[in-house]
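Student: My questions will all concern the structure given below.
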Amino acid sequence: MRAAVDVGTNTVRLLLGEERDGRVVPERYYRRITRLGGGFTSEMGLSPQAMERTLFALTEIGEILRSSEVNTVRAVGTAALREAPNGVSFVEKIRSAARIPLEIIDGIEEATLCARGVLSALSPRPDHCLIFDIGGGSTEFILTCGSEPIFQRSYPLGVVHLCEQVPSRDQQTVGIGQILDRFHADLTAAGWERLAAGSTLVGTAGTVTTLAALQLEMTQYDWRRVNNLVLGIEDLKRMANSLAPLSSEERESLPGMEKGRGDLILPGLGIVLGILEHFGWSQVTASDFGLLEGALLSLGNRGGQSN
């Protein structure tokens, strides 16, 4: 059995599973919202409280790995660890205390793994796909042709950053628009603007899967129902209007809303709506699969640490 671990800016996740014919067969999931990027500053980096929460969750994951029949492990860290001046030292602490072979990956590798995971679950798989992965500290965009990424970029646009450092909804909208302008310019400069405009739009990671769960009013999360669910822009606008007047606690009482995401869902929804409106799309396909599944699939063609 293989294992993949994703240490994100907001969430820590574990997947145990196998690969069959290029697809992930999950055996067990574990996830905890630890908000590693919470309280982040450019001078100090990760806060002591955020590191403590995250290390506790990773210690549990390490125990699960050692008690499971795992042959190989790939553990990856993303934006918060990339950007923090104390990120490398924290990774060393994780390796020692939790005994997890964590590596910090760059934005391009994150985008590549994300695309691989998403494409493994799309049915039917479109000829061309524009994937976006909204994280706590960054958003990745990947344009694919068939099963191959042909354009990929990572941008400093994350829900934890927006929530904690840009509290005004109007300022969030401006910031989102500026990043999308950069992305549009990068697409145009690379010669892919027309292809992207005609591609199927797919969203992954916690914001999109939570929006899917809210639309389905899930009382128990089921990734099978989320994969390939189509979210329409008008439904998302209505969702934004209904969520806006609620407190974080009231949002988290709704069926489908994950605990710990009540204050993050509106910034995330703002990013999704911004993407749809900026490029004129009317809908987005949701994918529960992404970086975590891509990391597990990558173990088929690279070495992973044995458990």
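Following the order of the structure tokens, chains are lettered A, B, ..., residues in each are numbered from 1, and ligands are numbered from 1.
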Tell me which protein, DNA and RNA residues are within 8 Å of Gln152 in chain A, counting only C-alpha atoms, leaving out same-chain ones fewer than 2 positions away, and put them as a PyMOL selection string.
Tutor: chain A and resi 108+111-112+140-143+149-150+154
Student: Would you kindly return, as a list in words, each protein, DNA or RNA residue with an atom no farther than 12 Å from any atom of Pro167 in chain A, considering only C-alpha atoms and excluding same-chain residues fewer than 6 positions away?
Tutor: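 Residues near the query, excluding close chain neighbours: Val159, Val160, His161, Thr173, Gly175, Asp263, Leu264, Leu266 and Pro267 of chain A.
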Student: Range 7-20 of chain A: which residues within 6 Å, counting only C-alpha atoms, same-chain residues fewer than 3 positions away excluded, as a PyMOL selection string?
Tutor: chain A and resi 1-4+23-37+77-78+80+136-137
Student: What is the CA of Phe132 in chain A to CA of Leu201 in chain A distance in Å?
Tutor: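 Distance reported for this atom pair: 7.9 Å.
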Student: DSSP on the backbone: what in range 63-306 of chain A comes out strand (DSSP E), as a PyMOL selection string?
Tutor: chain A and resi 72-77+102-104+128-134+139-145+148-155+200-204+230-232+283-287
Student: Report the distance between CA of Ser89 in chain A and CA of Glu109 in chain A in Å, rounded to one decimal place.
Tutor: 21.1 Å
Student: Between A:Glu43, A:Ile100, A:Thr54, A:Val73, which residue has the minimum interatomic distance to Asn86 in chain A, considering only C-alpha atoms?
Tutor: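 Using only C-alpha atoms, Asn86 in chain A sits closest to A:Glu43.
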Student: Looking at only C-alpha atoms, which of A:Arg194, A:Arg251, A:Arg125, A:Arg74 is the one that sits closest to Leu211 in chain A?
Tutor: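 Ranking A:Arg194, A:Arg251, A:Arg125, A:Arg74 by distance to Leu211 in chain A, first place goes to A:Arg251.
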Student: Write out as a PyMOL selection string each polymer residue whose atoms come within 12 Å of Asp127 in chain A, counting only C-alpha atoms; drop sequence neighbours fewer than 6 positions from it.
Tutor: chain A and resi 119+143-149+195-196+198-201
Student: For the selection you just gave me, I'd like the residues written to a file as an mmCIF file, in the first residue's frame, keeping N, CA and C atoms.
Tutor:
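Once everything was written out, this is out-v2.cif:
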```cif
data_model
loop_
_atom_site.group_PDB
_atom_site.id
_atom_site.type_symbol
_atom_site.label_atom_id
_atom_site.label_comp_id
_atom_site.auth_asym_id
_atom_site.auth_seq_id
_atom_site.Cartn_x
_atom_site.Cartn_y
_atom_site.Cartn_z
ATOM 1 N N LEU A 119 -6.883 14.784 -13.064
ATOM 2 C CA LEU A 119 -7.168 14.092 -14.318
ATOM 3 C C LEU A 119 -7.493 12.617 -14.098
ATOM 4 N N LEU A 143 -3.076 24.245 -17.250
ATOM 5 C CA LEU A 143 -3.770 23.986 -18.514
ATOM 6 C C LEU A 143 -3.249 22.666 -19.057
ATOM 7 N N THR A 144 -4.164 21.749 -19.365
ATOM 8 C CA THR A 144 -3.754 20.433 -19.845
ATOM 9 C C THR A 144 -4.279 20.181 -21.250
ATOM 10 N N CYS A 145 -3.524 19.389 -21.974
ATOM 11 C CA CYS A 145 -3.934 18.896 -23.286
ATOM 12 C C CYS A 145 -3.846 17.372 -23.207
ATOM 13 N N GLY A 146 -4.993 16.693 -23.287
ATOM 14 C CA GLY A 146 -5.003 15.269 -23.023
ATOM 15 C C GLY A 146 -4.644 15.041 -21.568
ATOM 16 N N SER A 147 -3.611 14.281 -21.318
ATOM 17 C CA SER A 147 -3.189 14.013 -19.936
ATOM 18 C C SER A 147 -1.940 14.795 -19.545
ATOM 19 N N GLU A 148 -1.492 15.711 -20.434
ATOM 20 C CA GLU A 148 -0.231 16.411 -20.187
ATOM 21 C C GLU A 148 -0.443 17.882 -19.843
ATOM 22 N N PRO A 149 0.153 18.382 -18.745
ATOM 23 C CA PRO A 149 0.146 19.818 -18.476
ATOM 24 C C PRO A 149 0.995 20.548 -19.521
ATOM 25 N N LEU A 195 -6.882 28.634 -26.269
ATOM 26 C CA LEU A 195 -7.101 27.247 -25.868
ATOM 27 C C LEU A 195 -7.718 27.179 -24.476
ATOM 28 N N ALA A 196 -7.225 28.003 -23.563
ATOM 29 C CA ALA A 196 -7.770 28.010 -22.202
ATOM 30 C C ALA A 196 -9.238 28.401 -22.195
ATOM 31 N N GLY A 198 -11.475 27.848 -24.330
ATOM 32 C CA GLY A 198 -12.325 26.777 -24.820
ATOM 33 C C GLY A 198 -12.213 25.487 -24.030
ATOM 34 N N SER A 199 -11.510 25.530 -22.908
ATOM 35 C CA SER A 199 -11.287 24.329 -22.106
ATOM 36 C C SER A 199 -12.376 24.144 -21.056
ATOM 37 N N THR A 200 -12.471 22.929 -20.540
ATOM 38 C CA THR A 200 -13.332 22.646 -19.399
ATOM 39 C C THR A 200 -12.656 23.176 -18.141
ATOM 40 N N LEU A 201 -13.388 23.943 -17.336
ATOM 41 C CA LEU A 201 -12.856 24.512 -16.110
ATOM 42 C C LEU A 201 -13.108 23.546 -14.953
#
```
Student: Can you tell me, as a ChimeraX atom specification, what residues are no more than 7 Å from Cys114 in chain A when counting only C-alpha atoms, ignoring any on the same chain fewer than 5 positions away?
Tutor: /A:290-291,294
Student: If you keep C-alpha atoms, can you produce a file of those selected residues as a CSV table (one decimal), in the first residue's frame?
Tutor:
```csv
chain,number,residue,atom,x,y,z
A,290,GLY,CA,-5.8,16.8,-6.6
A,291,LEU,CA,-2.4,17.2,-5.0
A,294,GLY,CA,-1.1,13.1,-7.5
```
Student: Can you list, as a ChimeraX atom specification, every protein, DNA or RNA residue that comes within 12 Å of range 236-249 of chain A when you count only C-alpha atoms, leaving out same-chain residues fewer than 3 positions away?
Tutor: /A:163,169,207-208,210-215,217,230-233,252-254,257-274,276-277,282-284
Student: Taking the DSSP assignment computed from this structure's backbone, write out as an MDAnalysis selection string all residues of range 25-241 of chain A that belong to alpha helix (DSSP H).
Tutor: chainID A and resid 48:67 79:83 87:97 107:121 159:165 169:190 193:197 206:216 223:226 233:241
Student: Save out the residues we just selected, C-alpha atoms, as an mmCIF file, in the first residue's frame.
Tutor:
```cif
data_model
loop_
_atom_site.group_PDB
_atom_site.id
_atom_site.type_symbol
_atom_site.label_atom_id
_atom_site.label_comp_id
_atom_site.auth_asym_id
_atom_site.auth_seq_id
_atom_site.Cartn_x
_atom_site.Cartn_y
_atom_site.Cartn_z
ATOM 1 C CA PRO A 48 4.544 28.802 17.344
ATOM 2 C CA GLN A 49 0.854 27.992 17.838
ATOM 3 C CA ALA A 50 0.367 27.022 14.181
ATOM 4 C CA MET A 51 3.447 24.807 14.232
ATOM 5 C CA GLU A 52 2.284 23.122 17.434
ATOM 6 C CA ARG A 53 -1.152 22.352 15.950
ATOM 7 C CA THR A 54 0.392 21.013 12.775
ATOM 8 C CA LEU A 55 3.043 18.910 14.489
ATOM 9 C CA PHE A 56 0.371 17.315 16.674
ATOM 10 C CA ALA A 57 -1.620 16.280 13.596
ATOM 11 C CA LEU A 58 1.494 15.012 11.818
ATOM 12 C CA THR A 59 2.493 12.984 14.866
ATOM 13 C CA GLU A 60 -0.871 11.227 14.600
ATOM 14 C CA ILE A 61 -0.248 10.657 10.894
ATOM 15 C CA GLY A 62 3.176 9.213 11.638
ATOM 16 C CA GLU A 63 1.594 6.725 14.046
ATOM 17 C CA ILE A 64 -0.978 5.737 11.405
ATOM 18 C CA LEU A 65 1.788 5.164 8.859
ATOM 19 C CA ARG A 66 3.801 2.973 11.197
ATOM 20 C CA SER A 67 0.757 0.886 12.132
ATOM 21 C CA ALA A 79 3.063 27.522 0.161
ATOM 22 C CA ALA A 80 3.334 28.204 3.910
ATOM 23 C CA LEU A 81 6.489 26.103 4.213
ATOM 24 C CA ARG A 82 7.930 27.544 0.980
ATOM 25 C CA GLU A 83 7.530 31.121 2.104
ATOM 26 C CA GLY A 87 9.905 26.609 7.172
ATOM 27 C CA VAL A 88 13.020 24.475 6.653
ATOM 28 C CA SER A 89 13.733 24.206 10.380
ATOM 29 C CA PHE A 90 10.123 23.181 11.012
ATOM 30 C CA VAL A 91 10.369 20.495 8.340
ATOM 31 C CA GLU A 92 13.431 19.107 10.088
ATOM 32 C CA LYS A 93 11.479 18.999 13.345
ATOM 33 C CA ILE A 94 8.635 17.140 11.603
ATOM 34 C CA ARG A 95 11.046 14.603 10.146
ATOM 35 C CA SER A 96 12.558 13.986 13.574
ATOM 36 C CA ALA A 97 9.475 14.087 15.821
ATOM 37 C CA GLY A 107 4.772 25.793 -7.126
ATOM 38 C CA ILE A 108 5.439 24.088 -10.454
ATOM 39 C CA GLU A 109 5.734 20.649 -8.862
ATOM 40 C CA GLU A 110 2.609 21.355 -6.813
ATOM 41 C CA ALA A 111 0.704 22.236 -9.982
ATOM 42 C CA THR A 112 1.993 19.133 -11.801
ATOM 43 C CA LEU A 113 0.946 16.780 -9.008
ATOM 44 C CA CYS A 114 -2.409 18.508 -8.688
ATOM 45 C CA ALA A 115 -3.140 18.042 -12.392
ATOM 46 C CA ARG A 116 -2.217 14.382 -12.253
ATOM 47 C CA GLY A 117 -4.578 13.757 -9.369
ATOM 48 C CA VAL A 118 -7.462 15.713 -10.895
ATOM 49 C CA LEU A 119 -7.168 14.092 -14.318
ATOM 50 C CA SER A 120 -7.228 10.623 -12.778
ATOM 51 C CA ALA A 121 -10.772 11.238 -11.506
ATOM 52 C CA VAL A 159 -7.802 31.875 1.440
ATOM 53 C CA VAL A 160 -5.910 32.083 4.742
ATOM 54 C CA HIS A 161 -3.936 35.098 3.510
ATOM 55 C CA LEU A 162 -7.107 36.828 2.269
ATOM 56 C CA CYS A 163 -9.009 36.076 5.460
ATOM 57 C CA GLU A 164 -6.323 37.218 7.894
ATOM 58 C CA GLN A 165 -4.515 39.989 6.032
ATOM 59 C CA ARG A 169 -14.466 42.138 0.979
ATOM 60 C CA ASP A 170 -13.893 45.019 -1.450
ATOM 61 C CA GLN A 171 -10.122 44.815 -0.997
ATOM 62 C CA GLN A 172 -10.263 41.045 -1.468
ATOM 63 C CA THR A 173 -12.104 41.539 -4.763
ATOM 64 C CA VAL A 174 -9.457 44.002 -5.938
ATOM 65 C CA GLY A 175 -6.614 41.669 -4.937
ATOM 66 C CA ILE A 176 -8.221 38.682 -6.634
ATOM 67 C CA GLY A 177 -8.710 40.718 -9.806
ATOM 68 C CA GLN A 178 -5.072 41.784 -9.846
ATOM 69 C CA ILE A 179 -3.854 38.179 -9.617
ATOM 70 C CA LEU A 180 -6.281 37.070 -12.329
ATOM 71 C CA ASP A 181 -5.010 39.890 -14.559
ATOM 72 C CA ARG A 182 -1.471 38.529 -14.050
ATOM 73 C CA PHE A 183 -2.619 35.016 -14.879
ATOM 74 C CA HIS A 184 -4.449 36.233 -17.995
ATOM 75 C CA ALA A 185 -1.346 38.119 -19.128
ATOM 76 C CA ASP A 186 0.839 35.051 -18.544
ATOM 77 C CA LEU A 187 -1.557 32.881 -20.562
ATOM 78 C CA THR A 188 -1.560 35.385 -23.403
ATOM 79 C CA ALA A 189 2.223 35.735 -23.413
ATOM 80 C CA ALA A 190 2.547 31.942 -23.583
ATOM 81 C CA GLU A 193 -5.308 32.207 -24.065
ATOM 82 C CA ARG A 194 -7.599 30.895 -26.819
ATOM 83 C CA LEU A 195 -7.101 27.247 -25.868
ATOM 84 C CA ALA A 196 -7.770 28.010 -22.202
ATOM 85 C CA ALA A 197 -10.983 29.865 -23.061
ATOM 86 C CA GLY A 206 -11.036 22.588 0.105
ATOM 87 C CA THR A 207 -12.933 25.639 -1.115
ATOM 88 C CA VAL A 208 -14.380 23.913 -4.163
ATOM 89 C CA THR A 209 -15.141 20.616 -2.420
ATOM 90 C CA THR A 210 -16.859 22.510 0.406
ATOM 91 C CA LEU A 211 -18.983 24.426 -2.110
ATOM 92 C CA ALA A 212 -19.934 21.110 -3.695
ATOM 93 C CA ALA A 213 -20.816 19.622 -0.299
ATOM 94 C CA LEU A 214 -22.911 22.692 0.527
ATOM 95 C CA GLN A 215 -24.797 22.413 -2.759
ATOM 96 C CA LEU A 216 -25.473 18.729 -2.047
ATOM 97 C CA TRP A 223 -15.855 12.240 -2.333
ATOM 98 C CA ARG A 224 -17.607 10.059 -4.926
ATOM 99 C CA ARG A 225 -20.514 12.515 -5.132
ATOM 100 C CA VAL A 226 -18.181 15.517 -5.278
ATOM 101 C CA ILE A 233 -22.247 30.466 -11.509
ATOM 102 C CA GLU A 234 -25.784 31.511 -10.589
ATOM 103 C CA ASP A 235 -25.958 28.865 -7.852
ATOM 104 C CA LEU A 236 -22.599 30.061 -6.525
ATOM 105 C CA LYS A 237 -23.776 33.675 -6.483
ATOM 106 C CA ARG A 238 -26.876 32.668 -4.519
ATOM 107 C CA MET A 239 -24.658 30.736 -2.135
ATOM 108 C CA ALA A 240 -22.462 33.800 -1.603
ATOM 109 C CA ASN A 241 -25.511 35.956 -0.851
#
```
Student: Rounded to one decimal place, report the CA of Cys129 in chain A-CA of Leu157 in chain A distance in Å.
Tutor: 20.7 Å
